[in-house]
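Data file: final-v3.txt. Format and content: compact mmCIF, C-alpha atoms and all ligand atoms.
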# COMPACT_ATOMS: atom_id res chain seq x y z
CA MET A 21 44.80 -5.46 18.07
CA LYS A 22 43.54 -1.99 18.98
CA LYS A 23 41.48 -1.80 22.15
CA LEU A 24 37.80 -0.92 21.60
CA GLN A 25 36.86 2.33 23.30
CA ASN A 26 33.53 2.76 24.94
CA ILE A 27 32.48 6.16 23.69
CA TYR A 28 28.81 6.67 22.85
CA LYS A 29 25.79 5.96 25.01
CA SER A 30 22.26 6.45 23.79
CA LYS A 31 18.98 4.67 24.47
CA TYR A 32 18.30 4.54 20.70
CA ILE A 33 21.11 3.63 18.28
CA ILE A 34 20.07 4.19 14.68
CA ILE A 35 22.25 2.76 11.91
CA GLY A 36 22.01 4.67 8.61
CA ALA A 37 21.07 8.27 7.81
CA GLY A 38 18.90 7.59 4.75
CA ILE A 39 15.24 8.58 4.52
CA GLY A 40 14.29 5.78 6.96
CA GLY A 41 16.92 6.50 9.64
CA LEU A 42 16.35 10.25 9.57
CA SER A 43 12.55 9.82 9.72
CA LEU A 44 12.90 7.57 12.75
CA ALA A 45 15.26 10.02 14.46
CA LEU A 46 12.85 12.87 13.86
CA ALA A 47 9.83 10.84 15.01
CA LEU A 48 11.63 9.96 18.27
CA GLN A 49 12.85 13.53 18.81
CA LYS A 50 9.25 14.67 18.37
CA LEU A 51 8.46 12.48 21.40
CA ASN A 52 11.35 14.08 23.32
CA LYS A 53 13.61 11.05 22.98
CA LYS A 54 17.33 11.50 22.44
CA VAL A 55 18.88 9.45 19.63
CA LEU A 56 22.22 8.86 17.94
CA ILE A 57 22.49 8.06 14.23
CA PHE A 58 25.60 6.36 12.84
CA GLU A 59 26.24 6.71 9.11
CA LYS A 60 29.05 5.00 7.24
CA ALA A 61 29.46 7.68 4.55
CA PRO A 62 31.77 10.65 5.19
CA GLU A 63 28.87 13.02 4.60
CA VAL A 64 25.10 12.63 4.65
CA LYS A 65 23.75 13.02 1.13
CA GLU A 66 21.32 11.57 -1.39
CA VAL A 67 21.45 10.44 -5.02
CA GLY A 68 19.87 12.74 -7.60
CA ALA A 69 16.55 11.26 -8.63
CA GLY A 70 12.85 11.90 -8.32
CA VAL A 71 10.49 10.34 -5.80
CA MET A 72 6.72 10.23 -5.93
CA LEU A 73 5.24 10.93 -2.51
CA THR A 74 1.75 9.47 -2.28
CA PRO A 75 -0.72 10.75 0.40
CA ASN A 76 0.28 8.02 2.89
CA ALA A 77 3.83 9.43 2.72
CA THR A 78 2.87 13.13 2.82
CA ARG A 79 0.56 12.42 5.81
CA SER A 80 3.51 11.04 7.79
CA LEU A 81 5.85 13.82 6.63
CA ASP A 82 3.25 16.33 7.78
CA TYR A 83 3.13 14.64 11.20
CA LEU A 84 6.94 14.87 11.33
CA GLY A 85 6.69 18.61 10.61
CA VAL A 86 8.68 18.64 7.34
CA LEU A 87 5.95 18.70 4.69
CA LYS A 88 5.84 22.51 4.47
CA GLU A 89 9.56 22.59 3.72
CA ILE A 90 9.32 19.78 1.15
CA GLU A 91 6.36 21.30 -0.68
CA LYS A 92 8.27 24.50 -1.45
CA ASP A 93 10.06 22.58 -4.20
CA ALA A 94 7.49 19.88 -4.98
CA THR A 95 5.31 19.45 -8.06
CA LEU A 96 1.61 18.73 -7.57
CA PRO A 97 0.89 16.54 -10.62
CA LYS A 98 -2.52 17.07 -12.22
CA ARG A 99 -3.00 13.44 -13.27
CA THR A 100 -1.36 10.13 -14.11
CA VAL A 101 -1.70 9.06 -17.73
CA VAL A 102 -0.88 5.59 -19.01
CA ARG A 103 0.08 5.72 -22.71
CA HIS A 104 0.71 3.21 -25.49
CA TYR A 105 4.44 2.95 -26.15
CA LYS A 106 4.18 3.50 -29.91
CA THR A 107 1.04 5.50 -30.63
CA GLY A 108 0.97 7.60 -27.45
CA GLN A 109 -2.75 6.81 -27.09
CA GLU A 110 -4.16 7.38 -23.56
CA MET A 111 -4.99 4.00 -22.05
CA SER A 112 -5.93 5.02 -18.48
CA THR A 113 -5.94 8.26 -16.47
CA THR A 114 -6.20 9.12 -12.77
CA ASP A 115 -6.80 12.67 -11.53
CA LEU A 116 -4.31 13.69 -8.86
CA GLY A 117 -4.97 17.42 -8.39
CA ASN A 118 -6.99 19.23 -5.73
CA GLY A 119 -9.93 16.77 -5.80
CA PHE A 120 -7.53 13.93 -5.03
CA THR A 121 -5.91 15.91 -2.20
CA LYS A 122 -9.35 16.58 -0.75
CA ARG A 123 -10.32 12.91 -0.89
CA TYR A 124 -7.23 11.70 0.97
CA GLY A 125 -6.63 14.77 3.11
CA HIS A 126 -3.03 14.98 1.89
CA PRO A 127 -1.47 15.68 -1.52
CA TYR A 128 0.41 13.55 -4.00
CA TYR A 129 3.74 15.25 -4.69
CA ASP A 130 6.61 14.59 -7.07
CA VAL A 131 9.86 15.72 -5.46
CA HIS A 132 13.60 15.49 -5.79
CA ARG A 133 15.08 12.98 -3.31
CA VAL A 134 17.55 15.58 -2.10
CA ASN A 135 14.65 17.79 -0.96
CA ILE A 136 13.12 15.10 1.25
CA HIS A 137 16.45 14.07 2.59
CA SER A 138 17.70 17.58 3.38
CA SER A 139 14.40 18.60 5.04
CA LEU A 140 14.63 15.58 7.33
CA TYR A 141 18.35 16.08 7.94
CA ASN A 142 18.01 19.80 8.78
CA SER A 143 15.14 19.16 11.20
CA VAL A 144 17.02 16.37 12.98
CA LYS A 145 20.14 18.56 13.27
CA ARG A 146 18.12 21.53 14.50
CA ASN A 147 16.74 19.39 17.30
CA ASP A 148 20.18 18.04 18.22
CA PRO A 149 23.26 19.30 16.32
CA ASP A 150 25.44 16.39 17.56
CA CYS A 151 23.19 13.44 16.93
CA ILE A 152 24.55 12.32 13.51
CA LYS A 153 27.94 10.62 13.48
CA VAL A 154 29.34 10.21 9.97
CA ASN A 155 32.26 7.91 9.08
CA HIS A 156 30.84 5.30 11.45
CA GLU A 157 30.37 2.05 9.57
CA LEU A 158 28.72 -0.62 11.67
CA ILE A 159 30.69 -3.86 11.43
CA ASP A 160 29.06 -5.91 14.17
CA PHE A 161 26.99 -5.80 17.35
CA ASP A 162 26.46 -7.86 20.51
CA GLN A 163 23.47 -7.90 22.74
CA SER A 164 22.92 -9.07 26.30
CA GLU A 165 19.77 -9.02 28.39
CA ASN A 166 20.10 -5.29 29.15
CA VAL A 167 22.25 -3.70 26.52
CA VAL A 168 23.16 -3.73 22.85
CA THR A 169 26.71 -2.78 21.81
CA ALA A 170 27.41 -1.57 18.29
CA LYS A 171 30.94 -1.83 16.90
CA PHE A 172 32.19 0.46 14.15
CA LYS A 173 35.01 0.11 11.65
CA ASN A 174 36.83 3.07 13.23
CA ASN A 175 37.13 1.02 16.45
CA LEU A 176 34.57 3.08 18.35
CA VAL A 177 31.57 1.49 20.04
CA ALA A 178 28.12 2.61 21.11
CA GLU A 179 25.95 1.17 23.87
CA GLY A 180 22.22 1.49 24.00
CA ASP A 181 18.90 -0.08 24.90
CA PHE A 182 17.85 -0.54 21.26
CA LEU A 183 19.56 -0.77 17.88
CA ILE A 184 17.54 -0.08 14.74
CA GLY A 185 19.08 -1.05 11.41
CA CYS A 186 18.02 1.54 8.82
CA ASP A 187 20.99 0.53 6.73
CA GLY A 188 19.28 0.03 3.39
CA ILE A 189 19.06 -2.73 0.83
CA HIS A 190 22.42 -4.31 1.73
CA SER A 191 21.66 -4.16 5.45
CA LEU A 192 24.28 -5.71 7.69
CA VAL A 193 21.83 -5.67 10.61
CA ARG A 194 19.38 -7.77 8.58
CA LYS A 195 22.20 -10.19 7.72
CA ILE A 196 23.19 -10.58 11.36
CA ILE A 197 19.73 -11.11 12.86
CA LYS A 198 18.13 -13.03 9.99
CA ALA A 199 19.44 -15.93 7.93
CA SER A 200 21.02 -14.34 4.90
CA ASP A 201 18.67 -14.28 1.94
CA ASN A 202 20.22 -13.68 -1.43
CA PRO A 203 18.54 -11.14 -3.67
CA HIS A 204 17.78 -12.26 -7.21
CA TYR A 205 18.08 -10.17 -10.35
CA THR A 206 14.60 -9.67 -11.85
CA GLY A 207 15.74 -9.34 -15.45
CA ASN A 208 14.82 -5.63 -15.36
CA LEU A 209 17.38 -2.92 -15.91
CA ALA A 210 16.35 0.70 -15.34
CA TRP A 211 17.91 3.74 -16.97
CA ARG A 212 17.27 6.99 -15.15
CA GLY A 213 18.07 10.64 -15.56
CA LEU A 214 17.11 14.25 -14.82
CA MET A 215 17.14 17.26 -17.15
CA PRO A 216 16.09 20.92 -17.21
CA ILE A 217 12.51 21.17 -18.44
CA GLU A 218 13.50 23.71 -21.15
CA SER A 219 15.40 20.95 -22.94
CA LEU A 220 12.08 19.33 -23.89
CA PRO A 221 9.38 20.41 -26.36
CA PHE A 222 6.65 22.56 -24.81
CA HIS A 223 3.97 19.81 -24.84
CA GLN A 224 6.20 17.61 -22.63
CA ARG A 225 6.65 20.12 -19.83
CA GLY A 226 3.31 19.79 -18.02
CA PRO A 227 2.76 18.60 -14.43
CA GLU A 228 1.66 15.06 -15.32
CA ILE A 229 2.96 11.64 -14.46
CA THR A 230 3.16 9.64 -17.68
CA ILE A 231 3.61 5.88 -17.72
CA TRP A 232 4.44 4.52 -21.17
CA ILE A 233 3.71 0.81 -21.42
CA GLY A 234 4.89 -1.66 -24.02
CA PRO A 235 6.08 -5.25 -24.46
CA LYS A 236 8.65 -6.08 -21.73
CA LYS A 237 9.45 -2.40 -21.17
CA HIS A 238 7.97 0.67 -19.56
CA VAL A 239 8.90 4.28 -18.89
CA VAL A 240 7.76 6.59 -16.09
CA GLU A 241 8.31 10.35 -16.36
CA TYR A 242 7.31 13.33 -14.22
CA THR A 243 8.61 16.72 -13.12
CA VAL A 244 10.24 17.69 -9.83
CA LYS A 245 11.65 20.96 -8.41
CA SER A 246 8.34 22.82 -8.89
CA GLY A 247 8.18 21.64 -12.51
CA LYS A 248 11.69 22.84 -13.43
CA ILE A 249 13.29 19.40 -13.82
CA LYS A 250 12.04 16.30 -15.67
CA ASN A 251 12.81 12.94 -14.09
CA TYR A 252 12.45 9.60 -15.85
CA VAL A 253 13.01 5.92 -15.31
CA ALA A 254 13.04 3.64 -18.37
CA ILE A 255 12.89 -0.07 -17.62
CA SER A 256 13.69 -2.88 -20.00
CA ASN A 257 14.26 -6.64 -19.84
CA VAL A 258 18.00 -7.27 -19.96
CA LYS A 259 19.27 -10.79 -19.35
CA ASP A 260 22.48 -10.56 -17.35
CA TRP A 261 23.30 -8.05 -14.68
CA HIS A 262 25.30 -8.48 -11.49
CA GLU A 263 25.53 -5.13 -9.73
CA GLU A 264 22.85 -3.95 -7.29
CA GLY A 265 23.12 -0.17 -6.99
CA TRP A 266 21.54 3.07 -8.16
CA THR A 267 24.56 4.97 -9.41
CA VAL A 268 26.18 2.90 -12.16
CA ARG A 269 26.89 5.24 -15.09
CA SER A 270 25.47 4.46 -18.51
CA SER A 271 25.50 6.13 -21.91
CA VAL A 272 22.51 7.97 -23.36
CA HIS A 273 23.20 6.11 -26.59
CA GLN A 274 22.75 2.74 -24.86
CA ALA A 275 19.45 3.84 -23.31
CA LEU A 276 18.21 5.19 -26.64
CA THR A 277 19.10 1.96 -28.44
CA GLU A 278 16.90 0.05 -25.98
CA PHE A 279 13.93 2.35 -26.74
CA ASN A 280 14.60 3.17 -30.42
CA ASP A 281 11.16 1.99 -31.61
CA TRP A 282 9.26 3.89 -28.90
CA HIS A 283 7.20 7.06 -29.27
CA GLU A 284 9.08 10.24 -30.16
CA ASP A 285 8.23 11.82 -26.77
CA VAL A 286 10.04 8.98 -24.97
CA ARG A 287 13.07 9.30 -27.25
CA ASN A 288 13.05 13.08 -26.72
CA ILE A 289 13.37 12.62 -22.99
CA ILE A 290 16.13 10.03 -23.11
CA SER A 291 18.06 12.09 -25.70
CA ALA A 292 17.85 15.18 -23.49
CA THR A 293 19.66 13.46 -20.58
CA PRO A 294 22.92 15.33 -19.88
CA HIS A 295 25.65 12.95 -21.04
CA ASN A 296 27.37 12.50 -17.69
CA GLU A 297 24.08 12.02 -15.85
CA CYS A 298 22.59 8.88 -17.34
CA TYR A 299 22.57 6.00 -14.85
CA LYS A 300 21.48 2.41 -14.97
CA TRP A 301 20.18 0.37 -12.14
CA GLY A 302 19.66 -3.40 -12.05
CA LEU A 303 16.46 -4.30 -10.21
CA PHE A 304 16.93 -7.01 -7.62
CA ASP A 305 14.20 -8.51 -5.48
CA ARG A 306 13.92 -10.30 -2.15
CA ASN A 307 11.05 -12.19 -0.58
CA PRO A 308 9.21 -10.69 2.44
CA LEU A 309 10.46 -11.74 5.89
CA SER A 310 8.11 -13.04 8.57
CA SER A 311 9.90 -11.25 11.44
CA TRP A 312 12.31 -8.34 11.68
CA SER A 313 13.59 -8.30 15.24
CA GLU A 314 15.84 -10.13 17.65
CA ASN A 315 15.73 -9.12 21.32
CA ARG A 316 16.87 -5.44 21.34
CA VAL A 317 17.48 -5.10 17.62
CA THR A 318 15.13 -4.49 14.71
CA ILE A 319 15.22 -3.28 11.10
CA LEU A 320 13.31 -0.62 9.17
CA GLY A 321 12.86 0.63 5.58
CA ASP A 322 14.76 -1.06 2.74
CA ALA A 323 16.66 -3.13 5.30
CA ALA A 324 13.38 -4.80 6.32
CA HIS A 325 11.42 -4.81 3.06
CA PRO A 326 13.33 -3.80 -0.08
CA MET A 327 10.82 -3.51 -2.90
CA LEU A 328 10.75 -3.01 -6.64
CA PRO A 329 10.01 0.59 -7.62
CA PHE A 330 6.85 -0.11 -9.66
CA MET A 331 4.42 1.26 -7.05
CA ALA A 332 6.79 4.05 -5.89
CA GLN A 333 6.44 3.01 -2.24
CA GLY A 334 9.97 2.31 -0.92
CA ALA A 335 10.49 5.69 0.72
CA ALA A 336 6.84 5.93 1.75
CA MET A 337 7.04 2.59 3.59
CA SER A 338 10.28 3.63 5.35
CA ILE A 339 8.65 6.83 6.60
CA GLU A 340 5.52 4.96 7.74
CA ASP A 341 7.71 2.39 9.56
CA ALA A 342 9.51 5.21 11.36
CA VAL A 343 6.33 6.86 12.58
CA VAL A 344 4.77 3.59 13.73
CA LEU A 345 7.95 2.33 15.46
CA SER A 346 8.38 5.62 17.36
CA ARG A 347 4.81 5.29 18.61
CA CYS A 348 5.48 1.70 19.74
CA PHE A 349 8.50 2.98 21.70
CA LEU A 350 6.23 5.50 23.40
CA GLN A 351 3.46 3.03 24.14
CA TYR A 352 5.45 0.05 25.47
CA GLU A 353 8.41 -0.47 27.74
CA TYR A 354 10.01 -3.82 26.96
CA PRO A 355 11.74 -4.80 23.68
CA LYS A 356 9.49 -7.82 23.18
CA GLU A 357 6.23 -5.86 23.32
CA ILE A 358 7.65 -2.88 21.40
CA PHE A 359 8.87 -4.96 18.49
CA GLU A 360 5.87 -7.30 18.53
CA SER A 361 3.50 -4.38 18.11
CA TYR A 362 5.76 -2.81 15.42
CA GLU A 363 5.87 -6.04 13.44
CA ALA A 364 2.15 -6.71 13.89
CA GLU A 365 1.34 -3.33 12.38
CA ARG A 366 3.97 -3.23 9.65
CA ILE A 367 4.93 -6.66 8.27
CA GLU A 368 1.65 -7.50 6.57
CA ARG A 369 1.36 -4.13 4.85
CA THR A 370 4.95 -3.96 3.64
CA ALA A 371 4.94 -7.61 2.47
CA TRP A 372 1.78 -6.85 0.49
CA CYS A 373 3.56 -3.86 -1.03
CA GLN A 374 6.61 -5.95 -1.95
CA LEU A 375 4.43 -8.52 -3.71
CA GLN A 376 2.11 -5.98 -5.36
CA SER A 377 5.12 -4.07 -6.68
CA ARG A 378 6.14 -7.22 -8.55
CA GLU A 379 2.67 -7.51 -10.05
CA ALA A 380 2.54 -3.84 -11.01
CA GLY A 381 5.75 -4.35 -12.98
CA GLN A 382 4.10 -7.15 -14.94
CA LEU A 383 0.99 -5.10 -15.67
CA PHE A 384 3.09 -2.25 -17.10
CA GLN A 385 5.25 -4.45 -19.28
CA LYS A 386 2.60 -5.53 -21.74
CA ILE A 387 -0.31 -3.82 -23.45
CA SER A 388 -2.79 -4.25 -20.58
CA SER A 389 -6.46 -3.39 -21.08
CA ARG A 390 -7.96 -0.11 -19.83
CA GLU A 391 -10.19 -2.13 -17.42
CA ASP A 392 -7.20 -3.91 -15.89
CA LEU A 393 -5.21 -0.70 -15.57
CA ASP A 394 -8.12 1.26 -14.06
CA SER A 395 -9.18 -1.37 -11.54
CA ASP A 396 -5.59 -2.05 -10.53
CA ARG A 397 -4.85 1.60 -9.79
CA ALA A 398 -8.15 2.16 -7.96
CA GLN A 399 -7.76 -0.89 -5.70
CA ARG A 400 -4.10 -0.42 -4.87
CA GLY A 401 -4.60 3.31 -4.46
CA ARG A 402 -7.19 3.01 -1.72
CA ILE A 403 -5.20 0.55 0.38
CA LEU A 404 -2.00 2.54 -0.01
CA TYR A 405 -3.17 6.12 0.31
CA GLU A 406 -5.61 5.90 3.21
CA TYR A 407 -3.08 4.45 5.65
CA ASP A 408 -2.59 6.78 8.59
CA ALA A 409 0.72 5.92 10.30
CA PRO A 410 0.41 8.67 12.93
CA ARG A 411 -2.97 7.28 14.05
CA VAL A 412 -3.10 3.50 13.44
CA LYS A 413 -3.52 1.52 16.65
CA VAL A 414 -0.22 0.21 17.99
C1 LIG B 501 15.92 5.96 -8.51
C2 LIG B 501 14.97 5.63 -7.37
C3 LIG B 501 13.64 6.07 -7.43
C4 LIG B 501 12.78 5.78 -6.37
N1 LIG B 501 11.51 6.24 -6.44
C5 LIG B 501 10.71 6.11 -5.36
C6 LIG B 501 9.42 6.73 -5.34
O1 LIG B 501 8.99 7.34 -6.33
N2 LIG B 501 8.66 6.63 -4.19
C7 LIG B 501 9.11 5.94 -3.10
O2 LIG B 501 8.40 5.89 -2.09
N3 LIG B 501 10.31 5.29 -3.12
C8 LIG B 501 11.12 5.39 -4.20
N4 LIG B 501 12.35 4.79 -4.21
C9 LIG B 501 12.74 3.92 -3.09
C10 LIG B 501 13.24 4.70 -1.89
O3 LIG B 501 14.09 5.74 -2.29
C11 LIG B 501 13.95 3.78 -0.89
O4 LIG B 501 13.06 2.74 -0.59
C12 LIG B 501 14.31 4.54 0.38
O5 LIG B 501 15.23 5.55 0.09
C13 LIG B 501 14.87 3.61 1.44
O6 LIG B 501 15.37 4.36 2.53
P1 LIG B 501 16.25 3.68 3.64
O7 LIG B 501 16.56 4.76 4.60
O8 LIG B 501 15.60 2.44 4.13
O9 LIG B 501 17.58 3.19 2.91
P2 LIG B 501 18.74 4.05 2.22
O10 LIG B 501 18.22 5.29 1.63
O11 LIG B 501 19.49 3.11 1.35
O12 LIG B 501 19.69 4.48 3.44
C14 LIG B 501 20.54 3.58 4.10
C15 LIG B 501 21.66 4.36 4.77
O13 LIG B 501 22.40 3.49 5.62
C16 LIG B 501 23.79 3.73 5.41
N5 LIG B 501 24.49 2.48 5.77
C17 LIG B 501 24.46 1.31 5.09
N6 LIG B 501 25.20 0.37 5.73
C18 LIG B 501 25.71 0.97 6.84
C19 LIG B 501 26.56 0.52 7.89
N7 LIG B 501 27.04 -0.74 7.94
N8 LIG B 501 26.88 1.38 8.88
C20 LIG B 501 26.39 2.68 8.86
N9 LIG B 501 25.61 3.15 7.87
C21 LIG B 501 25.26 2.31 6.88
C22 LIG B 501 23.89 4.10 3.95
O14 LIG B 501 25.10 4.80 3.65
C23 LIG B 501 22.65 4.97 3.78
O15 LIG B 501 22.89 6.32 4.11
C24 LIG B 501 13.23 5.02 -5.26
C25 LIG B 501 14.54 4.55 -5.24
C26 LIG B 501 15.40 4.86 -6.27
C27 LIG B 501 16.81 4.38 -6.25
For the structure just supplied, provide its representation as structure tokens.
Ligand SMILES: Cc1cc2nc3c(=O)[nH]c(=O)nc-3n(C[C@H](O)[C@H](O)[C@H](O)COP(=O)(O)OP(=O)(O)OC[C@H]3O[C@@H](n4cnc5c(N)ncnc54)[C@H](O)[C@@H]3O)c2cc1C
Amino acid sequence: MKKLQNIYKSKYIIIGAGIGGLSLALALQKLNKKVLIFEKAPEVKEVGAGVMLTPNATRSLDYLGVLKEIEKDATLPKRTVVRHYKTGQEMSTTDLGNGFTKRYGHPYYDVHRVNIHSSLYNSVKRNDPDCIKVNHELIDFDQSENVVTAKFKNNLVAEGDFLIGCDGIHSLVRKIIKASDNPHYTGNLAWRGLMPIESLPFHQRGPEITIWIGPKKHVVEYTVKSGKIKNYVAISNVKDWHEEGWTVRSSVHQALTEFNDWHEDVRNIISATPHNECYKWGLFDRNPLSSWSENRVTILGDAAHPMLPFMAQGAAMSIEDAVVLSRCFLQYEYPKEIFESYEAERIERTAWCQLQSREAGQLFQKISSREDLDSDRAQRGRILYEYDAPRVKV
């Protein structure tokens, strides 16, 4: 057996360079803390898809100093419209333009995931060019009273005071510190794709978020890249599915067959997906956890609270976690008090989000009444959007 070498030393060991891990690194660097991030992939990159950034997310990204960069390529949607799947009739609308920005102090943006990811990545690298170690897959860790030791597949090790698992939905760190909890398939399969806006009729090119709702299916579409690209996710009930991942290829024909009796505008969008860029994605769900930490180790983002995409809050919650956890590190000295204050501030909110995301899915997969749609959006909106991660008490 090869001897393990003791190579890296860093107070903060971050596992995973996704949106969560990079946000945490940047938040800690902002407080003059040195970090190391270990990423299993050979290069740091993101999947091509859109993300809606609600004001709670843009507020934290502003605090991290990357919002200006992200907004260069963002779309500011004018409104969200919920439409009937067959007739196209407007069933509920929410204004999202300048009035909305004024109310919450920060905008609602639709962006390409790569833009968020690269803005975070570039800022982290600017602060410390050597802090991201790719090709480092965590395989295990040990912790004693004073130190945590991470072990990587390439036989290298890292020692630190704290290890934070930002290693996504299949988190190994979560598995090691918490009893393993098996995800269950929700019966929802999502098709997703991106296309140049010119491939759609003129009336479908505007800066709106449209949610098409119908029996057991719904479709969300909006533009990213300053309105140049249309992004959609089309979700349907499909009985059997075993793979949990975002990048399984599908055929446009299969997606169209699923939505063949839907409004022409929906079929236009699916048909316009470039043939090698139609993906399907089985939606799996897990129950909220009641604690996230063990001694010197904790988890963050999808590792801690994977959620269904129906409220568009997965990335937002990861970024909020990062800001709050960095502030707990600043405020407290010992692992117990740091992680207790992190969990006290974050578990209730993210568990609520996990459960509400389930409910939102149900509301969109039937012909809900205007009253139900309006009150749902208003109530959820306030709780979500007003949250101020840079200023909440920790
Ligand atoms: C198509 C799609 C649309 C979405 N839309 C929205 C939206 O509109 N709004 C929103 O807020 N959220 C959205 N989300 C959810 C959001 O993108 C995720 O919640 C968010 O990216 C989670 O970030 P993360 O850093 O926790 O995990 P990830 O992005 O999964 O990053 C985990 C990282 O850890 C690395 N890793 C894993 N295991 C190891 C290991 N053992 N060792 C080292 N590295 C490891 C991985 O390679 C990866 O780089 C969407 C998700 C998808 C797929």
Within 6 Å of ligand LIG 501 (chain B), which residues of chain A come that close, and what is the closest atom pair and distance in Å for each? Count all atoms listed in the file and give it as a Markdown table.
| residue | atom | partner | partner_atom | distance |
| --- | --- | --- | --- | --- |
| A:Ile35 | CA | B:LIG501 | C20 | 5.1 |
| A:Gly36 | CA | B:LIG501 | O13 | 3.2 |
| A:Ala37 | CA | B:LIG501 | O15 | 4.6 |
| A:Gly38 | CA | B:LIG501 | O12 | 3.5 |
| A:Ile39 | CA | B:LIG501 | O7 | 4.0 |
| A:Gly40 | CA | B:LIG501 | O7 | 3.4 |
| A:Gly41 | CA | B:LIG501 | O7 | 5.3 |
| A:Phe58 | CA | B:LIG501 | C20 | 5.5 |
| A:Glu59 | CA | B:LIG501 | N9 | 3.8 |
| A:Lys60 | CA | B:LIG501 | C20 | 3.9 |
| A:Ala61 | CA | B:LIG501 | O14 | 5.3 |
| A:Ala69 | CA | B:LIG501 | C1 | 5.3 |
| A:Gly70 | CA | B:LIG501 | C3 | 6.0 |
| A:Val71 | CA | B:LIG501 | O1 | 3.4 |
| A:Met72 | CA | B:LIG501 | O1 | 3.7 |
| A:Leu73 | CA | B:LIG501 | N2 | 5.7 |
| A:His156 | CA | B:LIG501 | C20 | 5.8 |
| A:Glu157 | CA | B:LIG501 | N8 | 3.6 |
| A:Leu158 | CA | B:LIG501 | N8 | 3.9 |
| A:Ile159 | CA | B:LIG501 | N7 | 5.9 |
| A:Cys186 | CA | B:LIG501 | O8 | 5.4 |
| A:Asp187 | CA | B:LIG501 | O13 | 3.5 |
| A:Gly188 | CA | B:LIG501 | O9 | 3.6 |
| A:Ile189 | CA | B:LIG501 | O11 | 5.9 |
| A:Ser191 | CA | B:LIG501 | N6 | 5.8 |
| A:Leu192 | CA | B:LIG501 | N7 | 5.7 |
| A:Trp266 | CA | B:LIG501 | C27 | 5.3 |
| A:Gly321 | CA | B:LIG501 | O8 | 3.6 |
| A:Asp322 | CA | B:LIG501 | O8 | 3.9 |
| A:Ala323 | CA | B:LIG501 | O8 | 5.8 |
| A:Pro329 | CA | B:LIG501 | N4 | 5.9 |
| A:Ala332 | CA | B:LIG501 | N2 | 3.6 |
| A:Gln333 | CA | B:LIG501 | O2 | 3.5 |
| A:Gly334 | CA | B:LIG501 | O4 | 3.1 |
| A:Ala335 | CA | B:LIG501 | O2 | 3.5 |
| A:Ala336 | CA | B:LIG501 | O2 | 4.1 |
| A:Ser338 | CA | B:LIG501 | O8 | 5.6 |
- Query: Neighbours of segment 78-88 of chain A within 8 Å (all atoms listed in the file; same-chain residues fewer than 5 positions away dropped), as a count of residues only?
  - Reply: 18
- Query: Which residues, written as a PyMOL selection string, have at least one atom at most 12 Å from Ile289 of chain A, with all atoms listed in the file counted and residues fewer than 3 positions away on the same chain left out?
  - Reply: chain A and resi 211-221+223-225+230+239-243+249-254+272+275-276+279+282-286+292-294+298
Using all atoms listed in the file, can you list as a CSV table (one decimal) with C-alpha atoms, in the frame of the given file the residues within 8 Å of (0.0, 1.0, 8.4)?
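Output file result.csv is given in full below:
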chain,number,residue,atom,x,y,z
A,340,GLU,CA,5.5,5.0,7.7
A,341,ASP,CA,7.7,2.4,9.6
A,344,VAL,CA,4.8,3.6,13.7
A,365,GLU,CA,1.3,-3.3,12.4
A,366,ARG,CA,4.0,-3.2,9.6
A,369,ARG,CA,1.4,-4.1,4.8
A,407,TYR,CA,-3.1,4.4,5.6
A,408,ASP,CA,-2.6,6.8,8.6
A,409,ALA,CA,0.7,5.9,10.3
A,412,VAL,CA,-3.1,3.5,13.4
- Message: Is it possible to get the residues within 12 Å of (12.2, -12.4, -23.2) (coordinates as in the file, counting all atoms listed in the file) written as a ChimeraX atom specification?
- Response: /A:206-208,235-237,256-260,385-386
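The space between atom CA of Gly125 of chain A and atom CA of Thr370 of chain A spans 22.0 Å.
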- Message: Would you pick out the contacts of Lys145 of chain A at 10 Å or less, using only C-alpha atoms, so that residues sharing its chain but fewer than 6 positions from it are not included, and give the list as an MDAnalysis selection string?
- Response: chainID A and resid 42 45:46 151:152
- Rank nothing, just name the residue among A:Val193, A:Tyr124, A:Pro62, A:Ile403 nearest to Ile319 of chain A, using only C-alpha atoms. A:Val193
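In this structure, atom CA of Gly302 of chain A sits 7.2 Å away from atom CA of Tyr205 of chain A.
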- Counting only C-alpha atoms, figure out which residue out of A:Val134, A:Cys373, A:Ile231, A:Ile197 gets nearest to Val244 of chain A. A:Val134
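Take the candidates A:His190, A:His325, A:Lys413, A:His204 and check each one against Leu309 of chain A using all atoms listed in the file; the shortest distance goes to A:His325.
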- Pick from A:His132, A:Lys98, A:Lys356, A:Lys65: nearest to Ser313 of chain A, with all atoms listed in the file counted? A:Lys356
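Between Val177 of chain A and the candidates A:Ser361, A:Gln382, A:Asn118, A:Ser30, the tightest atom-to-atom separation, counting all atoms listed in the file, involves A:Ser30.
Proximity to Leu96 of chain A was assessed for A:Gln399, A:Ser291, A:Ser200, A:Thr74 counting only C-alpha atoms; the smallest distance is recorded for A:Thr74.
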- Query: What lies within 12 Å of Tyr354 of chain A using only C-alpha atoms, ignoring chain neighbours under 3 positions off, as a list in words?
  - Reply: Glu165, Asn166, Asp181, Phe182, Asn315, Arg316, Cys348, Phe349, Leu350, Gln351, Glu357, Ile358, Phe359, Glu360 and Ser361 of chain A
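We find atom CA of Ser395 of chain A and atom CA of Ile229 of chain A to be spaced 18.0 Å apart.
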Put the listed atoms of segment 326-340 of chain A in a box along x, y and z with 8 Å added on every side and give me the centre and edge lengths in Å to one decimal, as lines of an AutoDock Vina configuration file.
center_x = 8.9
center_y = 1.5
center_z = -1.0
size_x = 24.9
size_y = 26.6
size_z = 33.4
